[in-house]
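Structure file target11.cif (mmCIF, C-alpha atoms) is printed below.
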data_final
loop_
_atom_site.label_atom_id
_atom_site.label_comp_id
_atom_site.auth_asym_id
_atom_site.auth_seq_id
_atom_site.Cartn_x
_atom_site.Cartn_y
_atom_site.Cartn_z
CA MET A 19 -30.47 -54.22 15.10
CA ALA A 20 -28.25 -51.20 14.53
CA HIS A 21 -26.34 -53.17 11.98
CA GLY A 22 -29.58 -53.99 10.26
CA LEU A 23 -30.50 -50.30 10.13
CA ILE A 24 -27.20 -49.30 8.65
CA LYS A 25 -27.44 -52.03 6.10
CA ALA A 26 -30.95 -50.98 5.20
CA ALA A 27 -29.85 -48.73 2.33
CA GLU A 28 -28.02 -51.71 0.76
CA GLY A 29 -25.15 -49.87 -0.89
CA ASN A 30 -21.86 -50.79 -2.43
CA ALA A 31 -19.54 -48.89 -0.10
CA PRO A 32 -16.05 -50.30 0.33
CA GLU A 33 -15.06 -51.27 3.86
CA GLY A 34 -12.23 -50.05 6.02
CA ILE A 35 -9.05 -48.81 4.39
CA ALA A 36 -10.49 -49.45 0.93
CA LEU A 37 -12.52 -46.30 1.53
CA PHE A 38 -9.36 -44.31 0.85
CA PHE A 39 -8.47 -46.00 -2.42
CA PRO A 40 -10.44 -44.46 -5.23
CA ALA A 41 -12.39 -46.51 -7.70
CA ALA A 42 -11.35 -46.15 -11.33
CA TYR A 43 -14.42 -44.09 -12.23
CA ASP A 44 -13.78 -41.82 -9.23
CA ILE A 45 -10.24 -40.97 -10.25
CA ILE A 46 -11.23 -40.65 -13.91
CA TRP A 47 -14.02 -38.18 -13.29
CA SER A 48 -11.78 -36.29 -10.87
CA ALA A 49 -9.11 -36.05 -13.53
CA VAL A 50 -11.63 -34.93 -16.12
CA VAL A 51 -13.14 -32.14 -14.03
CA PHE A 52 -9.85 -30.93 -12.56
CA GLY A 53 -8.17 -31.13 -15.94
CA VAL A 54 -10.89 -29.00 -17.47
CA ILE A 55 -10.72 -26.48 -14.61
CA LEU A 56 -6.93 -26.31 -14.75
CA PHE A 57 -6.98 -25.86 -18.51
CA PHE A 58 -9.62 -23.15 -18.21
CA PHE A 59 -7.65 -21.23 -15.59
CA VAL A 60 -4.27 -21.60 -17.29
CA LYS A 61 -5.50 -20.79 -20.79
CA PHE A 62 -8.34 -18.34 -20.23
CA ALA A 63 -9.20 -17.05 -16.76
CA ILE A 64 -5.79 -16.10 -15.41
CA PRO A 65 -4.31 -14.64 -18.62
CA LYS A 66 -7.46 -12.58 -19.02
CA PHE A 67 -7.38 -11.49 -15.40
CA THR A 68 -3.68 -10.64 -15.54
CA ALA A 69 -4.19 -8.70 -18.75
CA ILE A 70 -6.93 -6.67 -17.11
CA LEU A 71 -4.74 -6.01 -14.08
CA ASP A 72 -1.83 -4.94 -16.27
CA GLU A 73 -4.09 -2.71 -18.32
CA ARG A 74 -5.48 -1.19 -15.16
CA SER A 75 -2.09 -0.53 -13.62
CA ALA A 76 -0.92 0.90 -16.94
CA ALA A 77 -3.91 3.24 -16.97
CA ILE A 78 -3.26 4.26 -13.39
CA GLU A 79 0.42 4.76 -14.11
CA GLY A 80 -0.45 6.82 -17.18
CA ASN A 81 -2.72 9.04 -15.13
CA ILE A 82 -0.12 9.39 -12.43
CA GLU A 83 2.48 10.29 -15.04
CA LYS A 84 0.15 12.89 -16.52
CA ALA A 85 -0.51 14.36 -13.11
CA GLU A 86 3.19 14.34 -12.35
CA SER A 87 4.08 16.15 -15.56
CA ALA A 88 1.34 18.71 -14.91
CA GLN A 89 2.66 19.21 -11.41
CA ALA A 90 6.21 19.54 -12.67
CA GLU A 91 5.06 22.13 -15.17
CA ALA A 92 3.23 24.06 -12.49
CA ALA A 93 6.29 23.89 -10.27
CA ALA A 94 8.45 25.20 -13.11
CA GLN A 95 6.02 28.05 -13.69
CA LEU A 96 6.02 28.89 -10.02
CA GLU A 97 9.79 28.87 -9.92
CA LYS A 98 9.96 31.15 -12.94
CA TYR A 99 7.45 33.49 -11.39
CA ASN A 100 9.33 33.51 -8.11
CA GLU A 101 12.55 34.17 -9.97
CA LEU A 102 11.00 37.11 -11.77
CA LEU A 103 9.57 38.40 -8.53
CA ALA A 104 12.93 38.13 -6.80
CA GLU A 105 14.60 39.86 -9.74
CA ALA A 106 12.08 42.66 -9.60
CA ARG A 107 12.53 42.99 -5.87
CA SER A 108 16.28 43.15 -6.09
CA GLU A 109 15.99 45.64 -8.95
CA ALA A 110 13.71 47.82 -6.84
CA GLY A 111 16.10 47.49 -3.91
CA ARG A 112 19.00 48.43 -6.11
CA ILE A 113 17.20 51.50 -7.43
CA ARG A 114 16.19 52.53 -3.95
CA GLU A 115 19.73 52.12 -2.69
CA GLN A 116 21.05 54.10 -5.65
CA ALA A 117 18.56 56.86 -4.93
CA ARG A 118 19.57 56.93 -1.31
CA LEU A 119 23.24 57.14 -2.23
CA ASP A 120 22.49 59.85 -4.79
CA GLY A 121 20.55 61.76 -2.15
CA ILE A 122 23.41 61.50 0.30
CA THR A 123 25.87 62.68 -2.35
CA ILE A 124 23.68 65.63 -3.29
CA LEU A 125 23.19 66.54 0.34
CA ASN A 126 26.89 66.33 1.00
CA GLU A 127 27.64 68.44 -2.03
CA LEU A 128 25.15 71.04 -0.89
CA LYS A 129 26.56 70.99 2.61
CA GLU A 130 30.05 71.43 1.23
CA GLN A 131 28.92 74.26 -0.97
CA ALA A 132 27.14 75.92 1.92
CA SER A 133 30.08 75.58 4.27
CA ALA A 134 32.43 76.81 1.54
CA GLU A 135 30.15 79.79 0.96
CA ALA A 136 30.00 80.42 4.70
CA ALA A 137 33.77 80.17 4.94
CA ARG A 138 34.10 82.56 2.03
CA VAL A 139 31.70 85.03 3.63
CA THR A 140 33.47 84.72 6.96
CA ALA A 141 36.83 85.24 5.29
CA ASN A 142 35.54 88.28 3.44
CA ALA A 143 34.15 89.72 6.62
CA ALA A 144 37.39 89.06 8.44
CA THR A 145 39.38 90.68 5.65
CA GLN A 146 37.12 93.72 5.64
CA ILE A 147 37.23 94.01 9.41
CA GLU A 148 40.99 93.74 9.33
CA ALA A 149 41.20 96.36 6.64
CA GLU A 150 38.90 98.68 8.58
CA ARG A 151 40.81 98.05 11.74
CA GLN A 152 44.05 98.88 9.93
CA ALA A 153 42.47 102.01 8.52
CA ALA A 154 41.14 102.98 11.97
CA LEU A 155 44.48 102.25 13.49
CA ALA A 156 46.27 104.42 10.94
CA SER A 157 43.81 107.31 11.24
CA LEU A 158 43.82 107.02 15.01
CA ARG A 159 47.55 107.06 15.07
CA ALA A 160 47.58 110.23 12.90
CA GLU A 161 44.88 111.89 14.93
CA VAL A 162 46.50 111.01 18.25
CA GLY A 163 49.65 112.75 16.98
CA VAL A 164 47.73 115.82 15.97
CA LEU A 165 45.82 115.82 19.21
CA ALA A 166 49.02 115.51 21.18
CA LEU A 167 50.49 118.35 19.22
CA ASP A 168 47.28 120.42 19.71
CA LEU A 169 47.28 119.65 23.37
CA ALA A 170 50.91 120.51 23.74
CA SER A 171 50.57 123.77 21.78
CA SER A 172 47.47 124.66 23.71
CA VAL A 173 49.25 124.00 26.99
CA ILE A 174 52.22 126.02 25.90
CA GLY A 175 50.31 128.78 23.89
CA SER A 176 47.73 129.90 26.52
CA GLN A 177 48.48 131.81 29.70
CA LEU A 178 47.39 129.70 32.58
CA SER A 179 46.83 132.72 34.83
CA ASP A 180 43.91 131.46 36.81
CA ASP A 181 41.86 128.37 37.51
CA LYS A 182 39.03 129.56 35.31
CA LYS A 183 41.13 129.77 32.24
CA ALA A 184 42.70 126.41 32.93
CA ALA A 185 39.29 124.80 33.33
CA ALA A 186 37.98 126.32 30.11
CA LEU A 187 41.04 125.10 28.27
CA VAL A 188 40.56 121.55 29.45
CA ASP A 189 36.85 121.69 28.58
CA SER A 190 37.51 122.97 25.10
CA PHE A 191 40.15 120.26 24.63
CA LEU A 192 37.74 117.58 25.67
CA ALA A 193 35.06 118.98 23.42
CA ASP A 194 37.50 119.03 20.56
CA LEU A 195 38.52 115.47 21.37
CA GLU A 196 34.91 114.34 21.48
CA SER A 197 34.00 116.01 18.22
CA SER A 198 37.10 114.72 16.51
CA GLU A 199 36.41 111.27 17.94
CA SER A 200 32.85 111.27 16.65
CA SER A 201 33.98 112.44 13.25
CA ALA A 202 36.63 109.71 13.21
CA GLY A 203 34.04 107.06 14.26
CA LYS A 204 31.85 107.88 11.28
CA MET B 27 -40.85 -50.82 7.78
CA VAL B 28 -42.07 -47.58 6.19
CA ALA B 29 -39.36 -45.07 5.43
CA ALA B 30 -40.94 -42.21 7.38
CA ASP B 31 -41.23 -44.35 10.50
CA GLU B 32 -37.62 -45.17 10.78
CA PHE B 33 -34.54 -43.16 11.70
CA HIS B 34 -32.01 -43.31 8.87
CA ALA B 35 -28.53 -43.01 10.22
CA PRO B 36 -26.13 -41.82 7.53
CA THR B 37 -23.85 -44.55 6.29
CA MET B 38 -20.83 -44.80 4.07
CA ASP B 39 -23.19 -45.77 1.30
CA GLU B 40 -24.06 -42.09 1.04
CA PHE B 41 -20.70 -41.61 -0.63
CA PHE B 42 -21.12 -44.46 -3.06
CA PRO B 43 -24.54 -43.99 -4.62
CA ALA B 44 -25.85 -46.19 -7.39
CA ALA B 45 -24.59 -45.63 -10.89
CA ILE B 46 -26.62 -43.52 -13.27
CA LEU B 47 -24.71 -44.08 -16.49
CA PHE B 48 -22.08 -46.41 -17.91
CA GLU B 49 -22.35 -48.83 -15.02
CA GLY B 50 -19.44 -51.20 -14.75
CA THR B 51 -17.16 -49.18 -17.05
CA PRO B 52 -14.33 -46.92 -15.84
CA PHE B 53 -16.60 -44.01 -16.79
CA GLU B 54 -19.37 -45.09 -14.46
CA MET B 55 -21.25 -42.00 -13.38
CA ASN B 56 -23.15 -41.66 -10.14
CA ARG B 57 -24.70 -38.66 -8.35
CA ILE B 58 -21.42 -37.40 -6.95
CA MET B 59 -19.61 -37.60 -10.28
CA LEU B 60 -22.52 -35.77 -11.84
CA ILE B 61 -22.28 -33.08 -9.16
CA ARG B 62 -18.59 -32.67 -10.00
CA VAL B 63 -19.37 -32.23 -13.67
CA VAL B 64 -22.20 -29.79 -12.99
CA MET B 65 -20.10 -27.71 -10.60
CA THR B 66 -17.25 -27.64 -13.11
CA ALA B 67 -19.69 -26.30 -15.67
CA VAL B 68 -20.94 -23.70 -13.17
CA LEU B 69 -17.39 -22.62 -12.29
CA LEU B 70 -16.41 -22.26 -15.91
CA LEU B 71 -19.62 -20.47 -16.79
CA VAL B 72 -19.32 -17.98 -13.93
CA PHE B 73 -15.74 -17.03 -14.71
CA TRP B 74 -16.32 -17.07 -18.44
CA LEU B 75 -19.33 -14.77 -18.19
CA VAL B 76 -17.51 -12.40 -15.88
CA LEU B 77 -14.13 -12.31 -17.61
CA ARG B 78 -15.45 -12.47 -21.18
CA ARG B 79 -16.26 -8.80 -21.13
CA ALA B 80 -13.86 -7.73 -18.42
CA THR B 81 -13.08 -4.04 -18.44
CA VAL B 82 -10.48 -1.84 -16.81
CA VAL B 83 -13.15 -0.32 -14.60
CA PRO B 84 -14.86 -3.41 -13.18
CA GLY B 85 -18.59 -3.87 -12.81
CA ARG B 86 -20.22 -5.57 -9.84
CA GLY B 87 -19.81 -9.17 -11.01
CA GLN B 88 -16.30 -8.60 -12.26
CA GLY B 89 -15.42 -6.93 -8.99
CA LEU B 90 -16.54 -9.99 -7.06
CA ALA B 91 -14.63 -12.38 -9.34
CA GLU B 92 -11.57 -10.16 -9.11
CA LEU B 93 -11.90 -10.16 -5.33
CA GLY B 94 -11.65 -13.96 -5.34
CA LEU B 95 -8.83 -14.10 -7.87
CA ASP B 96 -6.95 -11.31 -6.15
CA PHE B 97 -7.28 -13.14 -2.84
CA VAL B 98 -5.40 -16.08 -4.35
CA ARG B 99 -2.98 -13.85 -6.25
CA VAL B 100 -2.03 -11.49 -3.43
CA ASN B 101 -2.78 -13.24 -0.15
CA ILE B 102 -1.60 -16.67 -1.19
CA ALA B 103 0.68 -16.65 -4.24
CA GLU B 104 2.56 -13.37 -3.99
CA ASP B 105 2.66 -13.19 -0.20
CA ILE B 106 4.41 -16.53 0.07
CA LEU B 107 6.21 -16.96 -3.24
CA GLY B 108 7.09 -13.37 -3.98
CA ARG B 109 6.24 -11.49 -7.15
CA ASP B 110 7.99 -13.48 -9.87
CA LEU B 111 7.43 -16.99 -8.59
CA GLY B 112 3.93 -16.04 -7.43
CA ARG B 113 3.01 -14.91 -10.90
CA ARG B 114 4.22 -18.17 -12.44
CA TYR B 115 2.35 -20.47 -10.10
CA PHE B 116 -0.75 -18.29 -9.80
CA PRO B 117 -2.77 -20.11 -12.54
CA LEU B 118 -2.20 -23.49 -10.90
CA LEU B 119 -2.97 -22.17 -7.42
CA ALA B 120 -6.11 -20.41 -8.63
CA ALA B 121 -7.28 -23.59 -10.34
CA ILE B 122 -6.69 -25.59 -7.15
CA PHE B 123 -8.43 -23.01 -4.96
CA PHE B 124 -11.52 -22.54 -7.09
CA ALA B 125 -11.80 -26.24 -8.00
CA ILE B 126 -11.81 -27.21 -4.33
CA LEU B 127 -14.11 -24.32 -3.38
CA PHE B 128 -16.67 -25.14 -6.06
CA MET B 129 -16.44 -28.85 -5.27
CA ASN B 130 -16.91 -28.21 -1.54
CA LEU B 131 -19.92 -25.94 -1.93
CA PRO B 132 -22.43 -28.58 -3.17
CA GLY B 133 -22.24 -30.00 0.37
CA ILE B 134 -24.63 -27.24 1.40
CA ILE B 135 -26.41 -26.60 -1.90
CA PRO B 136 -29.98 -27.95 -1.57
CA GLY B 137 -30.62 -30.72 -4.06
CA MET B 138 -26.96 -31.62 -4.33
CA ASN B 139 -26.27 -32.01 -0.61
CA ILE B 140 -22.90 -33.65 -0.98
CA ALA B 141 -19.50 -32.22 -1.76
CA GLY B 142 -17.65 -33.33 -4.87
CA THR B 143 -14.62 -33.65 -2.62
CA ALA B 144 -16.40 -36.02 -0.20
CA VAL B 145 -15.16 -39.02 -2.19
CA VAL B 146 -11.45 -39.78 -2.14
CA GLY B 147 -10.74 -39.46 -5.87
CA LEU B 148 -10.75 -35.70 -6.23
CA PRO B 149 -8.88 -34.79 -3.02
CA LEU B 150 -6.28 -37.41 -3.86
CA LEU B 151 -5.93 -36.19 -7.43
CA ILE B 152 -5.46 -32.55 -6.42
CA ALA B 153 -3.04 -33.61 -3.69
CA LEU B 154 -1.04 -35.44 -6.36
CA VAL B 155 -1.10 -32.32 -8.54
CA SER B 156 0.21 -30.33 -5.58
CA TYR B 157 2.87 -33.02 -4.98
CA VAL B 158 4.03 -32.92 -8.58
CA ALA B 159 3.94 -29.12 -8.51
CA PHE B 160 6.27 -28.71 -5.56
CA ILE B 161 8.72 -31.34 -6.81
CA TYR B 162 8.63 -29.64 -10.22
CA ALA B 163 9.22 -26.28 -8.55
CA GLY B 164 12.21 -27.68 -6.67
CA VAL B 165 13.79 -29.21 -9.76
CA LYS B 166 13.02 -26.21 -11.96
CA GLU B 167 13.99 -23.38 -9.63
CA VAL B 168 17.05 -24.70 -7.80
CA GLY B 169 17.87 -28.01 -9.48
CA GLY B 170 17.17 -31.53 -8.29
CA ALA B 171 20.34 -31.89 -6.21
CA THR B 172 19.88 -28.66 -4.26
CA PHE B 173 16.21 -29.41 -3.81
CA LEU B 174 16.92 -32.82 -2.31
CA LYS B 175 19.77 -31.48 -0.21
CA ASN B 176 17.58 -28.69 1.18
CA ALA B 177 14.72 -31.08 1.78
CA LEU B 178 16.55 -34.04 3.29
CA PHE B 179 19.60 -32.41 4.89
CA PRO B 180 18.37 -29.26 6.58
CA ALA B 181 21.19 -26.80 7.21
CA GLY B 182 22.44 -25.90 10.67
CA VAL B 183 22.20 -29.42 12.12
CA PRO B 184 25.19 -31.43 13.41
CA TRP B 185 25.76 -34.23 10.90
CA PRO B 186 25.05 -37.25 13.17
CA LEU B 187 21.50 -36.01 13.49
CA TYR B 188 20.98 -36.63 9.78
CA ILE B 189 20.79 -40.35 10.57
CA LEU B 190 17.57 -39.55 12.38
CA LEU B 191 16.44 -36.47 10.52
CA THR B 192 16.81 -37.50 6.90
CA PRO B 193 14.42 -40.49 7.02
CA ILE B 194 11.91 -38.37 8.94
CA GLU B 195 12.15 -35.53 6.45
CA PHE B 196 11.83 -37.97 3.57
CA LEU B 197 8.75 -39.51 5.09
CA ASN B 198 7.29 -36.11 5.89
CA ILE B 199 7.89 -34.43 2.56
CA PHE B 200 7.41 -37.23 0.07
CA ILE B 201 4.81 -39.40 1.73
CA VAL B 202 2.95 -37.64 4.52
CA ARG B 203 2.43 -34.34 2.68
CA PRO B 204 0.22 -35.56 -0.19
CA ILE B 205 -1.64 -38.01 2.02
CA SER B 206 -2.36 -35.40 4.68
CA LEU B 207 -3.49 -32.91 2.04
CA ALA B 208 -5.93 -35.44 0.56
CA LEU B 209 -7.19 -36.81 3.88
CA ARG B 210 -7.67 -33.42 5.51
CA LEU B 211 -9.94 -32.29 2.72
CA LEU B 212 -11.71 -35.62 2.28
CA LEU B 213 -12.47 -36.16 5.96
CA ASN B 214 -13.64 -32.60 6.49
CA MET B 215 -16.12 -32.93 3.67
CA MET B 216 -17.20 -36.46 4.68
CA VAL B 217 -17.75 -35.53 8.29
CA GLY B 218 -19.52 -32.33 7.31
CA HIS B 219 -21.91 -34.31 5.16
CA ILE B 220 -22.52 -36.91 7.86
CA LEU B 221 -23.21 -34.19 10.44
CA LEU B 222 -25.68 -32.44 8.16
CA VAL B 223 -27.45 -35.71 7.31
CA LEU B 224 -27.59 -36.59 11.01
CA CYS B 225 -29.14 -33.25 11.89
CA PHE B 226 -31.72 -33.28 9.15
CA ALA B 227 -32.52 -36.99 9.38
CA ALA B 228 -33.04 -36.59 13.12
CA THR B 229 -35.24 -33.55 12.52
CA HIS B 230 -37.30 -35.52 10.06
CA PHE B 231 -37.58 -38.42 12.45
CA PHE B 232 -38.57 -36.26 15.44
CA PHE B 233 -41.12 -34.23 13.50
CA PHE B 234 -42.87 -37.02 11.62
CA SER B 235 -42.25 -40.29 13.44
CA ALA B 236 -41.74 -39.56 17.14
CA ASP B 237 -44.56 -39.49 19.65
CA GLY B 238 -45.43 -37.27 22.61
CA TRP B 239 -43.11 -34.42 23.39
CA LEU B 240 -40.23 -35.76 21.26
CA PRO B 241 -40.96 -33.45 18.24
CA VAL B 242 -39.71 -30.58 20.47
CA ILE B 243 -36.23 -32.07 20.18
CA GLY B 244 -36.65 -31.76 16.42
CA VAL B 245 -36.54 -27.98 16.82
CA GLY B 246 -33.12 -28.36 18.39
CA THR B 247 -31.83 -30.67 15.68
CA LEU B 248 -33.21 -28.36 13.00
CA ALA B 249 -31.36 -25.42 14.58
CA GLY B 250 -28.29 -27.66 14.74
CA GLY B 251 -28.64 -28.38 11.04
CA PHE B 252 -28.98 -24.69 10.31
CA ILE B 253 -25.85 -23.85 12.28
CA MET B 254 -23.95 -26.77 10.75
CA THR B 255 -24.86 -25.50 7.28
CA ILE B 256 -23.23 -22.17 8.08
CA VAL B 257 -20.24 -23.97 9.59
CA GLU B 258 -19.98 -26.09 6.45
CA LEU B 259 -19.95 -22.95 4.32
CA ALA B 260 -17.01 -21.69 6.35
CA VAL B 261 -15.33 -25.09 6.18
CA ALA B 262 -15.78 -25.21 2.40
CA VAL B 263 -13.92 -21.89 2.02
CA LEU B 264 -11.40 -22.67 4.73
CA GLN B 265 -10.44 -26.07 3.34
CA ALA B 266 -9.96 -24.62 -0.13
CA TYR B 267 -7.77 -21.92 1.45
CA VAL B 268 -5.77 -24.34 3.59
CA PHE B 269 -5.15 -26.74 0.71
CA THR B 270 -3.99 -23.95 -1.59
CA LEU B 271 -1.92 -22.29 1.12
CA LEU B 272 -0.10 -25.53 2.00
CA THR B 273 0.59 -26.22 -1.68
CA THR B 274 2.06 -22.73 -1.96
CA VAL B 275 4.20 -23.20 1.12
CA TYR B 276 5.50 -26.52 -0.23
CA ILE B 277 6.37 -24.85 -3.53
CA GLN B 278 8.09 -22.02 -1.69
CA GLN B 279 10.17 -24.41 0.42
CA ALA B 280 11.14 -26.44 -2.63
CA ALA B 281 12.04 -23.37 -4.67
CA ALA B 282 14.08 -21.69 -1.93
CA GLU B 283 17.85 -21.63 -2.47
CA GLU B 284 18.42 -22.23 1.23
CA HIS B 285 16.21 -22.96 4.16
#

Please rewrite the model in this file as structure tokens.
Amino acid sequence: MAHGLIKAAEGNAPEGIALFFPAAYDIIWSAVVFGVILFFFVKFAIPKFTAILDERSAAIEGNIEKAESAQAEAAAQLEKYNELLAEARSEAGRIREQARLDGITILNELKEQASAEAARVTANAATQIEAERQAALASLRAEVGVLALDLASSVIGSQLSDDKKAAALVDSFLADLESSESSAGK
Amino acid sequence: MVAADEFHAPTMDEFFPAAILFEGTPFEMNRIMLIRVVMTAVLLLVFWLVLRRATVVPGRGQGLAELGLDFVRVNIAEDILGRDLGRRYFPLLAAIFFAILFMNLPGIIPGMNIAGTAVVGLPLLIALVSYVAFIYAGVKEVGGATFLKNALFPAGVPWPLYILLTPIEFLNIFIVRPISLALRLLLNMMVGHILLVLCFAATHFFFFSADGWLPVIGVGTLAGGFIMTIVELAVAVLQAYVFTLLTTVYIQQAAAEEH
């Protein structure tokens, strides 16, 4: 019954292993269609596709190159700018340093001048004082001599008869001494 | 015996329909041969339309076509063969991939309902192309002697083992490889077709010929047919991928200086 059903379509199918051996028309049509497809892919589709891919990668590479050159240019500009900036900074630093050194020099010079002036003034003063001291010494020495002589002559010249006379003599001597001293101090 | 009253189990006759043209000649054309020719025309037309005016910035259609081509180029050819070799064998591999894909798809295209690869001729032919390609690659890239030495006398094996290994390798590489390529594709497509026919024939039978509550089962078989159609779509892509991938691996092994 089942066999009858299967046979119902009444075909020309090969049996068993013969199923796996192609009929001549089968292999011929296979060769025709695959040959056409192979030819189409080898001669048209793949070359075209590859060309497009190459073109695309070339375009991408071109753009990348352009971007790279632009970036390189920008980097160069930046470097130049930085260089200039650094130059300017170092120049400013140099000037500032120079100014500071100049200032120090000027200050030192002024200090030196001032101390020299002070030394000169001090020396002058010392010289003057010395001179005055010498003068005072000389005049004092002369006056002390005179005074001694006066005192001696007074002591010898006057009659020291009583205490009153002696006291008056000493007073007048002291007064003389004072007045002479004050005149010498002037 | 009215057709609608009877359950038609799919038979092998499905794969050998009656001739339409040139009956009895080597150019005899039946439904399946016609499907092959039509799908070839569709494949060529699609790629021609898309690539004819291909531009550097792709449109939608070109993008889709490029996705497919790039899948073969990058994920199959260049991944396995490297850049130079991949580029050289890319046209062949693309032709194999898209030929198989477009021949598998009619299995789920309404009106065609059978894959162009569901008859032995085409799978066998492409397997032979793959066979010739990897032998050519071996002879061309490393020379016939090195190719045979690499293939039949794998390095790093003590020599007595060659007595066992060399016949096995010979059998594997030169006989089993093309046959397994052809049979894997053929049987997948055959079985897929039979499953789909079973599902839909059963649905038809349950809906229109069965009595009582039996039509309910038809809902299940219809859902089964729907799911199988999706599975067959995946199988169509997967088999094209597997076939192309294995061909690439064979070429790579043949073209390698050393294993």

Applying the PyMOL selection byres ((chain A) within 12 of (chain B)) to the file I just gave you, which residues come out? Please list them as number ranges by chain. A: 20-78

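Nearest-residue note for B:Pro204: choosing from B:Ala171, B:Leu191, B:Cys225, B:Ile161, the minimum distance belongs to B:Ile161, counting only C-alpha atoms.
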
For the provided coordinates, the residues matched by the PyMOL selection byres ((chain B and resi 168) around 12) should be stated as a PyMOL selection string. chain B and resi 160-167+169-177+277-284

Spatial neighbours of B:Leu190, max dist 12 Å, only C-alpha atoms, sep filter under 6 positions, as a ChimeraX atom specification: /B:178-180,183-184,196-197

Quick check on the file I pasted: which residues fall under the PyMOL selection byres ((chain B and resi 244) around 12)? Write them as a PyMOL selection string. chain B and resi 224-237+239-243+245-251

Interatomic distance (Å, one decimal) between atom CA of B:Ala159 and atom CA of B:Ile189: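 About the pair atom CA of B:Ala159 and atom CA of B:Ile189: they are 27.8 Å apart.
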
Measure the distance from atom CA of B:Gly112 to atom CA of B:Val100 in Å and round it to one decimal.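 Distance between the two atoms: 8.5 Å.
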
Can you measure atom CA of B:Gln265 to atom CA of B:Leu127 for me? One decimal in Å is fine.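 One can read the atom CA of B:Gln265 to atom CA of B:Leu127 distance as 7.9 Å.
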
Please report, as lines of an AutoDock Vina configuration file, the centre and edge lengths in Å to one decimal of an axis-aligned box covering all listed atoms of stretch 115-120 of chain B with 6 Å per side.
center_x = -1.9
center_y = -20.9
center_z = -10.0
size_x = 20.5
size_y = 17.2
size_z = 17.1

Please identify all polymer residues within 12 Å of A:Ser157, counting all atoms listed in the file, omitting same-chain residues fewer than 4 positions from it, and present them as a PDB file with C-alpha atoms, keeping the file's coordinate frame.
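As a result, selection22.pdb now contains:
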ATOM      1  CA  GLU A 150      38.900  98.680   8.580  1.00  0.00           C
ATOM      2  CA  ARG A 151      40.810  98.050  11.740  1.00  0.00           C
ATOM      3  CA  GLN A 152      44.050  98.880   9.930  1.00  0.00           C
ATOM      4  CA  ALA A 153      42.470 102.010   8.520  1.00  0.00           C
ATOM      5  CA  GLU A 161      44.880 111.890  14.930  1.00  0.00           C
ATOM      6  CA  VAL A 162      46.500 111.010  18.250  1.00  0.00           C
ATOM      7  CA  GLY A 163      49.650 112.750  16.980  1.00  0.00           C
ATOM      8  CA  VAL A 164      47.730 115.820  15.970  1.00  0.00           C
ATOM      9  CA  LEU A 165      45.820 115.820  19.210  1.00  0.00           C
ATOM     10  CA  SER A 198      37.100 114.720  16.510  1.00  0.00           C
ATOM     11  CA  GLU A 199      36.410 111.270  17.940  1.00  0.00           C
ATOM     12  CA  SER A 201      33.980 112.440  13.250  1.00  0.00           C
ATOM     13  CA  ALA A 202      36.630 109.710  13.210  1.00  0.00           C
ATOM     14  CA  GLY A 203      34.040 107.060  14.260  1.00  0.00           C
ATOM     15  CA  LYS A 204      31.850 107.880  11.280  1.00  0.00           C
TER      16      LYS A 204
END
